$ cat model.cif   # mmCIF, C-alpha atoms and all ligand atoms
data_start
#
loop_
_atom_site.label_atom_id
_atom_site.label_comp_id
_atom_site.auth_asym_id
_atom_site.auth_seq_id
_atom_site.Cartn_x
_atom_site.Cartn_y
_atom_site.Cartn_z
CA MET A 282 -22.84 9.73 -10.47
CA LYS A 283 -20.90 12.65 -9.09
CA HIS A 284 -18.05 11.76 -6.75
CA LYS A 285 -16.27 14.11 -4.42
CA ILE A 286 -12.58 13.28 -4.38
CA ALA A 287 -10.13 14.71 -1.85
CA VAL A 288 -6.74 15.08 -3.51
CA ILE A 289 -3.47 15.13 -1.58
CA PRO A 290 -0.59 15.51 -4.05
CA GLY A 291 2.00 15.40 -1.25
CA ASP A 292 5.77 15.43 -1.74
CA GLY A 293 8.47 14.82 -4.31
CA ILE A 294 7.06 13.27 -7.48
CA GLY A 295 3.62 13.09 -5.80
CA PRO A 296 2.24 16.28 -7.41
CA GLU A 297 3.58 15.33 -10.85
CA VAL A 298 2.03 11.86 -10.90
CA ILE A 299 -1.24 13.04 -9.34
CA ARG A 300 -1.57 15.71 -12.03
CA GLU A 301 -1.57 12.94 -14.66
CA GLY A 302 -3.98 10.83 -12.60
CA LEU A 303 -6.41 13.74 -12.47
CA LYS A 304 -6.10 14.28 -16.22
CA VAL A 305 -7.07 10.66 -16.80
CA LEU A 306 -10.00 10.74 -14.36
CA THR A 307 -11.27 13.91 -16.02
CA ALA A 308 -11.00 12.31 -19.45
CA VAL A 309 -12.85 9.19 -18.39
CA ALA A 310 -15.58 11.31 -16.81
CA ASP A 311 -15.90 13.28 -20.07
CA SER A 312 -16.38 10.07 -22.01
CA THR A 313 -18.75 8.37 -19.54
CA PRO A 314 -22.34 9.59 -19.35
CA ALA A 315 -23.45 10.46 -15.81
CA LEU A 316 -19.96 10.23 -14.32
CA SER A 317 -18.39 13.36 -12.90
CA PHE A 318 -15.97 14.41 -10.21
CA GLU A 319 -15.50 17.26 -7.83
CA PHE A 320 -11.82 17.42 -6.86
CA VAL A 321 -10.89 19.18 -3.65
CA GLU A 322 -7.16 19.64 -3.09
CA PHE A 323 -5.43 19.53 0.30
CA PRO A 324 -1.92 20.90 0.90
CA TYR A 325 -0.64 18.30 3.38
CA GLY A 326 2.97 17.33 2.94
CA SER A 327 6.48 18.59 3.60
CA GLU A 328 6.11 22.17 2.29
CA HIS A 329 3.03 22.73 4.39
CA TYR A 330 4.71 21.13 7.39
CA LEU A 331 7.90 23.14 7.07
CA LYS A 332 5.91 26.37 6.71
CA THR A 333 3.29 25.82 9.39
CA GLY A 334 4.43 22.93 11.60
CA GLU A 335 1.12 21.26 10.82
CA LEU A 336 0.71 17.67 9.56
CA VAL A 337 -3.04 16.97 9.23
CA PRO A 338 -5.10 19.15 11.57
CA GLU A 339 -8.34 18.02 13.19
CA GLY A 340 -10.31 20.33 10.89
CA GLY A 341 -8.60 18.78 7.87
CA LEU A 342 -9.70 15.31 8.95
CA LYS A 343 -13.27 16.58 9.23
CA GLU A 344 -13.13 18.04 5.74
CA LEU A 345 -11.60 14.87 4.33
CA SER A 346 -14.46 12.94 5.93
CA ARG A 347 -16.86 14.67 3.56
CA ALA A 348 -15.17 13.15 0.50
CA ASP A 349 -16.21 9.91 -1.17
CA ALA A 350 -12.57 8.88 -1.60
CA ILE A 351 -9.04 10.21 -1.19
CA TYR A 352 -6.46 10.27 -3.99
CA LEU A 353 -2.91 10.59 -2.72
CA GLY A 354 0.47 11.07 -4.39
CA ALA A 355 3.32 10.32 -1.99
CA LEU A 356 4.82 11.58 1.24
CA GLY A 357 8.39 11.89 2.45
CA ASP A 358 11.07 14.53 2.09
CA PRO A 359 14.79 14.32 2.84
CA ARG A 360 14.55 17.67 4.69
CA VAL A 361 12.26 16.13 7.29
CA LYS A 362 13.27 13.41 9.74
CA PRO A 363 12.11 9.96 8.48
CA GLY A 364 8.74 9.05 9.93
CA VAL A 365 7.38 12.50 10.64
CA LEU A 366 5.42 12.88 7.40
CA GLU A 367 4.93 9.17 6.81
CA GLN A 368 3.44 8.57 10.26
CA GLY A 369 1.91 12.00 10.72
CA ILE A 370 0.06 12.06 7.41
CA LEU A 371 -0.04 8.75 5.56
CA LEU A 372 -0.44 6.39 8.52
CA LYS A 373 -2.60 8.94 10.31
CA LEU A 374 -5.08 8.84 7.43
CA ARG A 375 -5.00 5.05 7.07
CA PHE A 376 -5.71 4.71 10.80
CA TYR A 377 -8.18 7.58 11.17
CA PHE A 378 -10.36 6.28 8.34
CA GLU A 379 -9.85 2.69 9.48
CA GLN A 380 -8.65 1.61 6.06
CA TYR A 381 -7.89 -1.86 7.28
CA ILE A 382 -7.17 -3.38 3.88
CA ASN A 383 -4.24 -2.46 1.70
CA LEU A 384 -5.00 -4.09 -1.61
CA ARG A 385 -2.08 -4.33 -4.03
CA PRO A 386 -2.59 -6.08 -7.37
CA ILE A 387 0.60 -7.49 -8.86
CA LYS A 388 -0.14 -7.73 -12.56
CA LEU A 389 2.36 -7.74 -15.41
CA TYR A 390 0.87 -6.12 -18.52
CA PRO A 391 1.83 -7.17 -22.05
CA GLY A 392 4.75 -5.20 -23.39
CA VAL A 393 6.24 -4.50 -19.97
CA PRO A 394 9.67 -6.03 -19.44
CA CYS A 395 9.82 -8.46 -16.53
CA PRO A 396 13.17 -8.97 -14.81
CA LEU A 397 12.37 -12.65 -14.26
CA LYS A 398 13.76 -14.87 -16.97
CA GLY A 399 11.09 -16.67 -18.95
CA LYS A 400 8.14 -15.00 -17.21
CA GLY A 401 5.42 -13.05 -18.96
CA PRO A 402 1.95 -11.64 -18.24
CA GLU A 403 0.52 -15.16 -17.90
CA HIS A 404 2.85 -15.76 -14.94
CA VAL A 405 2.37 -12.60 -12.91
CA ASP A 406 -1.22 -11.85 -11.93
CA PHE A 407 -2.16 -12.01 -8.28
CA TYR A 408 -3.29 -9.87 -5.35
CA VAL A 409 -1.64 -9.05 -2.08
CA VAL A 410 -4.09 -8.24 0.70
CA ARG A 411 -2.04 -6.47 3.30
CA GLU A 412 -3.58 -5.92 6.72
CA ASN A 413 -3.24 -2.15 7.12
CA THR A 414 -3.79 -1.02 10.71
CA GLU A 415 -1.92 -3.39 13.05
CA ASP A 416 1.25 -5.44 13.45
CA PHE A 417 4.44 -3.40 13.88
CA TYR A 418 2.65 -0.30 12.62
CA VAL A 419 0.71 0.29 15.85
CA GLY A 420 3.44 2.62 17.07
CA ILE A 421 3.96 1.08 20.52
CA GLY A 422 7.55 1.30 21.62
CA GLY A 423 10.21 3.57 22.93
CA ARG A 424 13.80 4.04 23.85
CA ALA A 425 15.23 3.75 27.27
CA GLY A 426 18.61 4.28 28.76
CA GLY A 427 20.63 6.59 30.91
CA ARG A 428 19.92 6.96 34.60
CA SER A 429 16.39 8.34 34.73
CA GLU A 430 14.20 6.30 37.08
CA ALA A 431 11.42 6.00 34.55
CA ARG A 432 13.76 4.62 31.98
CA LEU A 433 15.44 2.30 34.40
CA GLU A 434 12.02 0.95 35.24
CA VAL A 435 11.44 -0.07 31.63
CA LEU A 436 14.84 -1.66 31.46
CA ARG A 437 14.33 -3.62 34.63
CA SER A 438 10.88 -4.83 33.77
CA ILE A 439 11.41 -5.73 30.15
CA TYR A 440 14.95 -6.18 29.11
CA HIS A 441 17.28 -6.58 32.02
CA VAL A 442 16.88 -10.28 32.32
CA LYS A 443 17.14 -10.97 28.64
CA PHE A 444 19.99 -8.79 27.61
CA ASP A 445 22.11 -8.63 30.72
CA LEU A 446 22.38 -4.86 30.41
CA ASP A 447 24.23 -2.71 32.85
CA ILE A 448 21.16 -0.71 33.67
CA GLU A 449 23.01 1.87 35.71
CA SER A 450 25.26 2.82 32.85
CA ASP A 451 24.54 5.81 30.63
CA ARG A 452 25.67 3.88 27.60
CA ASP A 453 23.35 0.89 27.73
CA GLU A 454 20.43 2.17 25.77
CA ILE A 455 17.64 0.05 24.33
CA ALA A 456 14.91 0.63 21.81
CA TYR A 457 11.87 -1.57 21.55
CA GLN A 458 8.79 -1.74 19.40
CA VAL A 459 5.89 -4.08 19.80
CA GLY A 460 3.71 -5.70 17.15
CA VAL A 461 0.05 -6.24 17.87
CA ILE A 462 -2.43 -8.46 16.03
CA SER A 463 -6.02 -8.49 17.19
CA ARG A 464 -8.45 -11.29 16.44
CA LYS A 465 -10.84 -8.74 14.95
CA GLY A 466 -8.11 -7.15 12.84
CA ALA A 467 -6.90 -10.48 11.51
CA GLU A 468 -10.44 -11.70 10.86
CA ARG A 469 -11.49 -8.75 8.77
CA ALA A 470 -8.36 -8.80 6.61
CA ILE A 471 -8.43 -12.57 6.09
CA ARG A 472 -12.14 -12.61 5.34
CA TYR A 473 -11.61 -9.85 2.78
CA ALA A 474 -8.94 -11.98 1.09
CA PHE A 475 -11.28 -14.98 0.82
CA GLU A 476 -14.11 -12.84 -0.53
CA LEU A 477 -11.70 -11.35 -3.07
CA ALA A 478 -10.61 -14.84 -4.10
CA LEU A 479 -14.24 -15.70 -4.86
CA ARG A 480 -15.04 -12.37 -6.53
CA LYS A 481 -12.01 -12.49 -8.81
CA ASN A 482 -12.13 -16.24 -9.33
CA LYS A 483 -8.64 -16.71 -7.93
CA LYS A 484 -9.30 -19.54 -5.59
CA ARG A 485 -6.07 -20.04 -3.73
CA VAL A 486 -5.28 -17.96 -0.65
CA THR A 487 -1.76 -18.05 0.76
CA SER A 488 -1.24 -16.76 4.28
CA VAL A 489 2.24 -15.27 4.61
CA ASP A 490 3.70 -14.84 8.09
CA LYS A 491 6.59 -15.73 10.37
CA ALA A 492 4.76 -17.91 12.86
CA ASN A 493 7.88 -19.99 13.40
CA VAL A 494 9.58 -17.14 15.26
CA LEU A 495 7.03 -14.48 16.20
CA THR A 496 4.81 -17.12 17.69
CA HIS A 497 2.48 -14.88 19.66
CA VAL A 498 1.30 -12.47 17.01
CA TYR A 499 1.46 -14.73 13.99
CA GLY A 500 0.25 -17.72 16.00
CA LEU A 501 -3.00 -15.83 16.50
CA TRP A 502 -3.00 -14.85 12.81
CA ARG A 503 -2.72 -18.53 11.80
CA GLU A 504 -5.49 -19.57 14.17
CA VAL A 505 -7.81 -17.02 12.64
CA PHE A 506 -6.80 -18.00 9.09
CA THR A 507 -7.50 -21.66 9.83
CA SER A 508 -10.89 -20.93 11.28
CA ILE A 509 -12.02 -18.55 8.51
CA SER A 510 -10.77 -20.86 5.75
CA LYS A 511 -13.36 -23.43 6.89
CA GLU A 512 -16.10 -21.06 5.74
CA TYR A 513 -14.67 -21.17 2.20
CA PRO A 514 -14.40 -24.84 1.23
CA ASP A 515 -14.05 -23.95 -2.47
CA VAL A 516 -10.89 -21.97 -1.91
CA GLU A 517 -7.55 -23.72 -1.66
CA THR A 518 -5.37 -22.53 1.21
CA GLU A 519 -1.79 -22.72 2.36
CA PHE A 520 0.65 -21.14 4.79
CA ALA A 521 4.05 -19.84 3.80
CA PHE A 522 6.81 -18.18 5.76
CA VAL A 523 7.71 -14.73 4.56
CA ASP A 524 11.37 -15.46 3.94
CA ALA A 525 10.51 -18.38 1.69
CA VAL A 526 7.84 -16.37 -0.10
CA THR A 527 10.39 -13.80 -1.29
CA MET A 528 12.15 -16.72 -2.96
CA TRP A 529 8.98 -18.31 -4.40
CA LEU A 530 7.75 -15.00 -5.80
CA VAL A 531 10.90 -14.80 -7.88
CA LYS A 532 10.96 -18.46 -8.82
CA ASN A 533 7.27 -19.29 -9.38
CA PRO A 534 5.11 -16.16 -9.32
CA GLU A 535 2.46 -18.03 -11.35
CA TRP A 536 1.57 -20.12 -8.29
CA TYR A 537 0.01 -17.19 -6.46
CA ARG A 538 -3.62 -16.02 -6.65
CA VAL A 539 -4.30 -14.14 -3.42
CA ILE A 540 -1.77 -13.56 -0.67
CA VAL A 541 -2.94 -12.30 2.70
CA THR A 542 -0.39 -11.04 5.16
CA PRO A 543 0.15 -8.83 8.19
CA ASN A 544 1.09 -5.21 7.68
CA MET A 545 4.89 -5.19 7.64
CA PHE A 546 5.45 -8.26 5.51
CA GLY A 547 2.83 -6.88 3.14
CA ASP A 548 4.83 -3.69 2.81
CA ILE A 549 8.02 -5.56 2.03
CA ILE A 550 6.77 -8.21 -0.36
CA THR A 551 4.78 -5.70 -2.42
CA ASP A 552 7.92 -3.77 -3.37
CA LEU A 553 9.26 -7.12 -4.58
CA GLY A 554 5.93 -7.68 -6.32
CA ALA A 555 6.22 -4.24 -7.93
CA MET A 556 9.54 -5.20 -9.49
CA ILE A 557 8.12 -8.32 -11.11
CA GLN A 558 5.24 -6.30 -12.57
CA GLY A 559 7.64 -3.86 -14.19
CA GLY A 560 8.75 -1.62 -11.36
CA LEU A 561 7.41 0.77 -8.75
CA GLY A 562 6.22 3.06 -11.51
CA LEU A 563 3.50 0.53 -12.35
CA ALA A 564 2.29 -0.64 -8.95
CA PRO A 565 -0.95 0.80 -7.55
CA GLY A 566 -2.48 0.31 -4.13
CA ALA A 567 -5.77 0.92 -2.37
CA ASN A 568 -6.25 1.55 1.33
CA ILE A 569 -9.76 0.28 1.76
CA ASN A 570 -12.38 0.69 4.41
CA PRO A 571 -15.20 -1.31 2.83
CA GLU A 572 -17.73 0.57 4.96
CA GLY A 573 -16.10 3.99 4.84
CA ILE A 574 -13.73 6.29 3.00
CA SER A 575 -10.93 4.63 1.07
CA MET A 576 -7.66 6.12 -0.14
CA PHE A 577 -5.86 5.33 -3.40
CA GLU A 578 -2.17 5.85 -4.08
CA PRO A 579 0.77 4.40 -5.95
CA ILE A 580 2.76 2.11 -3.66
CA HIS A 581 5.96 3.98 -4.39
CA GLY A 582 7.17 6.94 -2.38
CA SER A 583 8.18 10.48 -3.22
CA ALA A 584 11.33 9.40 -5.15
CA PRO A 585 13.15 12.64 -4.26
CA LYS A 586 15.83 12.19 -6.91
CA TYR A 587 13.22 12.51 -9.67
CA SER A 588 11.21 15.29 -8.05
CA GLY A 589 10.37 18.20 -10.34
CA LYS A 590 12.00 16.60 -13.39
CA ASN A 591 8.85 15.36 -15.16
CA VAL A 592 10.41 11.90 -15.57
CA ALA A 593 8.55 9.74 -13.04
CA ASN A 594 6.17 7.11 -14.35
CA PRO A 595 2.58 8.18 -13.57
CA LEU A 596 1.01 4.82 -14.46
CA ALA A 597 0.98 3.50 -10.87
CA THR A 598 -1.01 6.56 -9.87
CA ILE A 599 -3.27 6.29 -12.92
CA LEU A 600 -3.92 2.63 -12.03
CA ALA A 601 -4.64 3.68 -8.44
CA GLY A 602 -7.29 5.91 -10.01
CA GLN A 603 -8.64 2.84 -11.77
CA MET A 604 -8.89 1.07 -8.40
CA MET A 605 -10.70 4.10 -7.01
CA LEU A 606 -13.26 3.96 -9.83
CA GLU A 607 -13.82 0.28 -9.13
CA GLN A 608 -14.31 0.88 -5.41
CA LEU A 609 -16.74 3.73 -6.16
CA GLY A 610 -18.83 1.30 -8.20
CA GLU A 611 -17.78 2.77 -11.57
CA GLN A 612 -16.67 -0.54 -13.04
CA LYS A 613 -17.12 0.50 -16.67
CA ALA A 614 -15.01 3.60 -16.26
CA ALA A 615 -12.41 1.55 -14.38
CA ASN A 616 -12.22 -0.85 -17.32
CA VAL A 617 -11.76 2.06 -19.72
CA VAL A 618 -8.77 3.32 -17.75
CA GLU A 619 -7.19 -0.12 -17.59
CA ARG A 620 -7.72 -0.70 -21.30
CA ALA A 621 -6.17 2.68 -22.09
CA VAL A 622 -3.11 1.86 -19.97
CA ILE A 623 -2.84 -1.55 -21.62
CA GLY A 624 -3.05 0.19 -25.00
CA VAL A 625 -0.24 2.62 -24.22
CA LEU A 626 2.00 -0.10 -22.77
CA GLY A 627 1.25 -2.48 -25.63
CA GLU A 628 2.23 0.08 -28.26
CA GLY A 629 5.41 0.80 -26.35
CA LYS A 630 5.86 4.21 -27.96
CA VAL A 631 5.22 6.53 -25.03
CA LEU A 632 7.15 5.17 -22.06
CA THR A 633 9.07 6.78 -19.23
CA ARG A 634 12.71 6.01 -18.56
CA ASP A 635 12.04 3.28 -15.99
CA LEU A 636 10.40 1.31 -18.83
CA GLY A 637 13.21 1.95 -21.27
CA GLY A 638 11.60 4.93 -23.02
CA SER A 639 12.37 8.63 -23.04
CA SER A 640 8.93 10.16 -22.64
CA SER A 641 8.02 12.50 -19.82
CA THR A 642 5.52 12.04 -17.00
CA SER A 643 3.07 14.32 -18.78
CA ASP A 644 3.56 12.62 -22.17
CA VAL A 645 2.43 9.35 -20.61
CA GLY A 646 -0.63 10.96 -19.01
CA ASP A 647 -1.48 12.55 -22.37
CA ALA A 648 -1.09 9.22 -24.17
CA VAL A 649 -3.51 7.51 -21.76
CA VAL A 650 -5.98 10.38 -22.23
CA ALA A 651 -5.65 10.07 -26.02
CA LYS A 652 -6.40 6.34 -25.80
CA ILE A 653 -9.50 7.03 -23.71
CA LYS A 654 -10.70 9.53 -26.33
CA GLU A 655 -10.02 7.03 -29.11
CA MET A 656 -12.19 4.48 -27.30
CA GLY A 657 -14.97 7.08 -27.31
P1 LIG B 701 10.52 5.43 -3.46
O1 LIG B 701 9.40 4.51 -3.77
O2 LIG B 701 10.15 6.86 -3.33
O3 LIG B 701 11.61 5.33 -4.59
C1 LIG B 701 12.52 4.26 -4.76
C2 LIG B 701 13.01 4.24 -6.19
O4 LIG B 701 12.01 3.65 -7.01
C3 LIG B 701 13.21 5.61 -6.81
O5 LIG B 701 14.45 6.14 -6.50
C4 LIG B 701 13.05 5.30 -8.27
O6 LIG B 701 14.23 4.72 -8.79
C5 LIG B 701 11.95 4.27 -8.28
N1 LIG B 701 10.61 4.87 -8.45
C6 LIG B 701 9.67 5.07 -7.51
N2 LIG B 701 8.58 5.61 -8.05
C7 LIG B 701 8.82 5.76 -9.36
C8 LIG B 701 8.06 6.26 -10.45
N3 LIG B 701 6.82 6.70 -10.32
N4 LIG B 701 8.63 6.27 -11.67
C9 LIG B 701 9.88 5.81 -11.85
N5 LIG B 701 10.65 5.32 -10.86
C10 LIG B 701 10.11 5.29 -9.61
O7 LIG B 701 11.21 4.88 -2.13
P2 LIG B 701 12.33 5.54 -1.18
O8 LIG B 701 13.36 6.20 -1.99
O9 LIG B 701 12.68 4.46 -0.25
O10 LIG B 701 11.55 6.64 -0.34
C11 LIG B 701 11.52 8.02 -0.65
C12 LIG B 701 10.56 8.71 0.33
O11 LIG B 701 9.22 8.27 0.09
C13 LIG B 701 10.84 8.38 1.80
O12 LIG B 701 10.62 9.58 2.52
C14 LIG B 701 9.82 7.33 2.15
O13 LIG B 701 9.50 7.31 3.50
C15 LIG B 701 8.66 7.78 1.32
N6 LIG B 701 7.69 6.73 0.97
C16 LIG B 701 6.39 7.13 0.90
C17 LIG B 701 5.42 6.26 0.48
C18 LIG B 701 4.03 6.74 0.36
O14 LIG B 701 3.78 7.93 0.43
N7 LIG B 701 3.07 5.87 0.17
C19 LIG B 701 5.78 4.96 0.08
C20 LIG B 701 7.13 4.58 0.15
C21 LIG B 701 8.07 5.49 0.59
C1 LIG B 702 3.94 2.02 1.63
C2 LIG B 702 4.99 2.82 2.36
C3 LIG B 702 4.48 3.17 3.75
C4 LIG B 702 4.22 1.87 4.52
C5 LIG B 702 5.37 4.09 4.59
C6 LIG B 702 5.83 5.30 3.82
C7 LIG B 702 4.69 4.50 5.85
O1 LIG B 702 6.19 2.14 2.41
O2 LIG B 702 2.83 2.53 1.45
O3 LIG B 702 4.24 0.92 1.18
O4 LIG B 702 5.14 1.31 5.11
O5 LIG B 702 3.08 1.42 4.50
MN MN B 703 6.23 0.38 1.14
#
$ encode --input "model.cif" --output "structure tokens"
Amino acid sequence: MKHKIAVIPGDGIGPEVIREGLKVLTAVADSTPALSFEFVEFPYGSEHYLKTGELVPEGGLKELSRADAIYLGALGDPRVKPGVLEQGILLKLRFYFEQYINLRPIKLYPGVPCPLKGKGPEHVDFYVVRENTEDFYVGIGGRAGGRSEARLEVLRSIYHVKFDLDIESDRDEIAYQVGVISRKGAERAIRYAFELALRKNKKRVTSVDKANVLTHVYGLWREVFTSISKEYPDVETEFAFVDAVTMWLVKNPEWYRVIVTPNMFGDIITDLGAMIQGGLGLAPGANINPEGISMFEPIHGSAPKYSGKNVANPLATILAGQMMLEQLGEQKAANVVERAVIGVLGEGKVLTRDLGGSSSTSDVGDAVVAKIKEMG
């Protein structure tokens, strides 16, 4: 089948790793009968923003809507205030396309050094299903202070009682941000996690939250988890608090099969997960709308210090391409990409610096392409 892929290389190392991802997708299409791609590139990112003031225009969203999937590098640039590009482009796309699942496999491949003593590939192989549109990412909040009536109003109604602020003073400023979980949002993420557990034969789902403190939002999350788990009697379930999970993931990663968690904890624990699978250079992610357009990216950011140096590891992005193939129904091609990556890692000859080698970003892409060609 022919798939139309919107490509957003983005910032920093984004363009370098995406270039290798595209090489690999092209190679797998060449070696797979009836698979082909049309790549359409979009300029969104810091350069475009600094030149034009534009993040993602309405027309751009319309054009992106015509793609079968989006392939994204990374966003973020030290020249731009934190949040502008991340919220204005990355989160905008996740929300606009209602990509309510952020699926992040944590899998340690043979040959990749693991920082955990005594742990190998047989110990690190699970999925994090991160809810991707709610929680503290909904963007509700503000700052209030000074003497303006509007601001004083917020202070009086929300915080005065609790914080004993001198609301008339210019110096007592507050900032607040609200997390929101909806029953519908929790249900669809949790159900996805259970279905994944069945599909991948990983029949233990751990709900990670902080229901002992943030009782409103994560209380609802737990209620929904409990009720959905009853529909899946063959799947073992448990709750864990997020602080403890950071400890367990280091101590006993082999316990985990599928973790499902609200947005912010999912963000945090998957960087930890990335480290136990060999680093951010190896960790892919998929922003999935099962009924719509999904977006595939490495979970790392733009790593400004490596930008333009051809040293970043492109494997996370290449593996995000593998996830894209799987989501597009191209399972055989997805397997080819994964096997090629496993081959390159297993040989251990062409590795970037983060994996202890001295090869360049493009060397690694070339090595994966060569493996795909070898496999015919
Ligand atoms: P980062 O993920 O960009 O980098 C952190 C560190 O991880 C790097 O300094 C590097 O040592 C290592 N690293 C990351 N990717 C690597 C790769 N492919 N190969 C080798 N090493 C790699 O996180 P950060 O420094 O906190 O953020 C930089 C910018 O990226 C910020 O603007 C941030 O907001 C943004 N960001 C974007 C995304 C995204 O686009 N999805 C994700 C995270 C951060
Ligand atoms: C990620 C990133 C993003 C997130 C930021 C850049 C908005 O950290 O994809 O993990 O928090 O989701
Ligand atoms: Mn993150």
$ residues_around --input "model.cif" --residues "range 583-595 of chain A" --least-positions-apart "4" --cutoff "9 Å" --atoms "all atoms listed in the file" --output "ChimeraX atom specification"
/A:291-302,354-359,561-563,579,599-600,632-636,639-643,645-646
$ write_last_selection --input "model.cif" --atoms "C-alpha atoms" --output "CSV table (one decimal), keeping the file's coordinate frame"
chain,number,residue,atom,x,y,z
A,291,GLY,CA,2.0,15.4,-1.2
A,292,ASP,CA,5.8,15.4,-1.7
A,293,GLY,CA,8.5,14.8,-4.3
A,294,ILE,CA,7.1,13.3,-7.5
A,295,GLY,CA,3.6,13.1,-5.8
A,296,PRO,CA,2.2,16.3,-7.4
A,297,GLU,CA,3.6,15.3,-10.8
A,298,VAL,CA,2.0,11.9,-10.9
A,299,ILE,CA,-1.2,13.0,-9.3
A,300,ARG,CA,-1.6,15.7,-12.0
A,301,GLU,CA,-1.6,12.9,-14.7
A,302,GLY,CA,-4.0,10.8,-12.6
A,354,GLY,CA,0.5,11.1,-4.4
A,355,ALA,CA,3.3,10.3,-2.0
A,356,LEU,CA,4.8,11.6,1.2
A,357,GLY,CA,8.4,11.9,2.4
A,358,ASP,CA,11.1,14.5,2.1
A,359,PRO,CA,14.8,14.3,2.8
A,561,LEU,CA,7.4,0.8,-8.8
A,562,GLY,CA,6.2,3.1,-11.5
A,563,LEU,CA,3.5,0.5,-12.4
A,579,PRO,CA,0.8,4.4,-6.0
A,599,ILE,CA,-3.3,6.3,-12.9
A,600,LEU,CA,-3.9,2.6,-12.0
A,632,LEU,CA,7.2,5.2,-22.1
A,633,THR,CA,9.1,6.8,-19.2
A,634,ARG,CA,12.7,6.0,-18.6
A,635,ASP,CA,12.0,3.3,-16.0
A,636,LEU,CA,10.4,1.3,-18.8
A,639,SER,CA,12.4,8.6,-23.0
A,640,SER,CA,8.9,10.2,-22.6
A,641,SER,CA,8.0,12.5,-19.8
A,642,THR,CA,5.5,12.0,-17.0
A,643,SER,CA,3.1,14.3,-18.8
A,645,VAL,CA,2.4,9.4,-20.6
A,646,GLY,CA,-0.6,11.0,-19.0
$ atom_distance --input "model.cif" --atom1 "CA of Gln368 in chain A" --atom2 "CA of Tyr381 in chain A"
15.7 Å
$ closest_atom_pairs --input "model.cif" --of "chain A" --to "ligand LIG 702 (chain B)" --cutoff "6 Å" --atoms "all atoms listed in the file" --output "Markdown table"
| residue | atom | partner | partner_atom | distance |
| --- | --- | --- | --- | --- |
| A:Glu367 | CA | B:LIG702 | C7 | 4.8 |
| A:Asp548 | CA | B:LIG702 | O3 | 4.9 |
| A:Ile580 | CA | B:LIG702 | O2 | 5.1 |
$ closest_residue --input "model.cif" --among "A:Pro394, A:Pro514, A:Glu319, A:Leu530" --to "Leu626 in chain A" --atoms "all atoms listed in the file"
A:Pro394
$ closest_residue --input "model.cif" --among "A:Phe546, A:Phe475, A:Trp529, A:Phe577" --to "ligand MN 703 (chain B)" --atoms "all atoms listed in the file"
A:Phe546
$ atom_distance --input "model.cif" --atom1 "CA of Arg472 in chain A" --atom2 "CA of Asn383 in chain A"
13.4 Å
$ decode --input "model.cif" --residues "range 333-341 of chain A" --atoms "N, CA, C and O atoms" --output "PDB file, in the first residue's frame"
ATOM      1  N   THR A 333       8.944  33.766  10.895  1.00  0.00           N
ATOM      2  CA  THR A 333       7.588  34.173  10.492  1.00  0.00           C
ATOM      3  C   THR A 333       6.653  34.451  11.670  1.00  0.00           C
ATOM      4  O   THR A 333       5.576  34.997  11.479  1.00  0.00           O
ATOM      5  N   GLY A 334       7.035  34.053  12.870  1.00  0.00           N
ATOM      6  CA  GLY A 334       6.139  34.210  14.017  1.00  0.00           C
ATOM      7  C   GLY A 334       5.044  33.158  14.057  1.00  0.00           C
ATOM      8  O   GLY A 334       4.158  33.190  14.910  1.00  0.00           O
ATOM      9  N   GLU A 335       5.113  32.212  13.120  1.00  0.00           N
ATOM     10  CA  GLU A 335       4.047  31.222  12.996  1.00  0.00           C
ATOM     11  C   GLU A 335       4.460  29.900  13.647  1.00  0.00           C
ATOM     12  O   GLU A 335       5.592  29.457  13.499  1.00  0.00           O
ATOM     13  N   LEU A 336       3.520  29.260  14.363  1.00  0.00           N
ATOM     14  CA  LEU A 336       3.804  27.939  14.945  1.00  0.00           C
ATOM     15  C   LEU A 336       3.259  26.869  13.993  1.00  0.00           C
ATOM     16  O   LEU A 336       3.981  26.421  13.125  1.00  0.00           O
ATOM     17  N   VAL A 337       1.982  26.487  14.148  1.00  0.00           N
ATOM     18  CA  VAL A 337       1.341  25.666  13.108  1.00  0.00           C
ATOM     19  C   VAL A 337       0.074  26.397  12.692  1.00  0.00           C
ATOM     20  O   VAL A 337      -0.866  26.509  13.477  1.00  0.00           O
ATOM     21  N   PRO A 338       0.011  26.915  11.484  1.00  0.00           N
ATOM     22  CA  PRO A 338      -1.176  27.666  11.067  1.00  0.00           C
ATOM     23  C   PRO A 338      -2.358  26.738  10.788  1.00  0.00           C
ATOM     24  O   PRO A 338      -2.171  25.529  10.603  1.00  0.00           O
ATOM     25  N   GLU A 339      -3.529  27.313  10.766  1.00  0.00           N
ATOM     26  CA  GLU A 339      -4.766  26.570  10.491  1.00  0.00           C
ATOM     27  C   GLU A 339      -4.646  25.765   9.181  1.00  0.00           C
ATOM     28  O   GLU A 339      -4.984  24.586   9.128  1.00  0.00           O
ATOM     29  N   GLY A 340      -4.111  26.417   8.158  1.00  0.00           N
ATOM     30  CA  GLY A 340      -3.943  25.743   6.858  1.00  0.00           C
ATOM     31  C   GLY A 340      -3.016  24.543   6.966  1.00  0.00           C
ATOM     32  O   GLY A 340      -3.222  23.523   6.301  1.00  0.00           O
ATOM     33  N   GLY A 341      -1.990  24.670   7.817  1.00  0.00           N
ATOM     34  CA  GLY A 341      -1.048  23.573   8.015  1.00  0.00           C
ATOM     35  C   GLY A 341      -1.748  22.378   8.634  1.00  0.00           C
ATOM     36  O   GLY A 341      -1.511  21.225   8.249  1.00  0.00           O
TER      37      GLY A 341
END
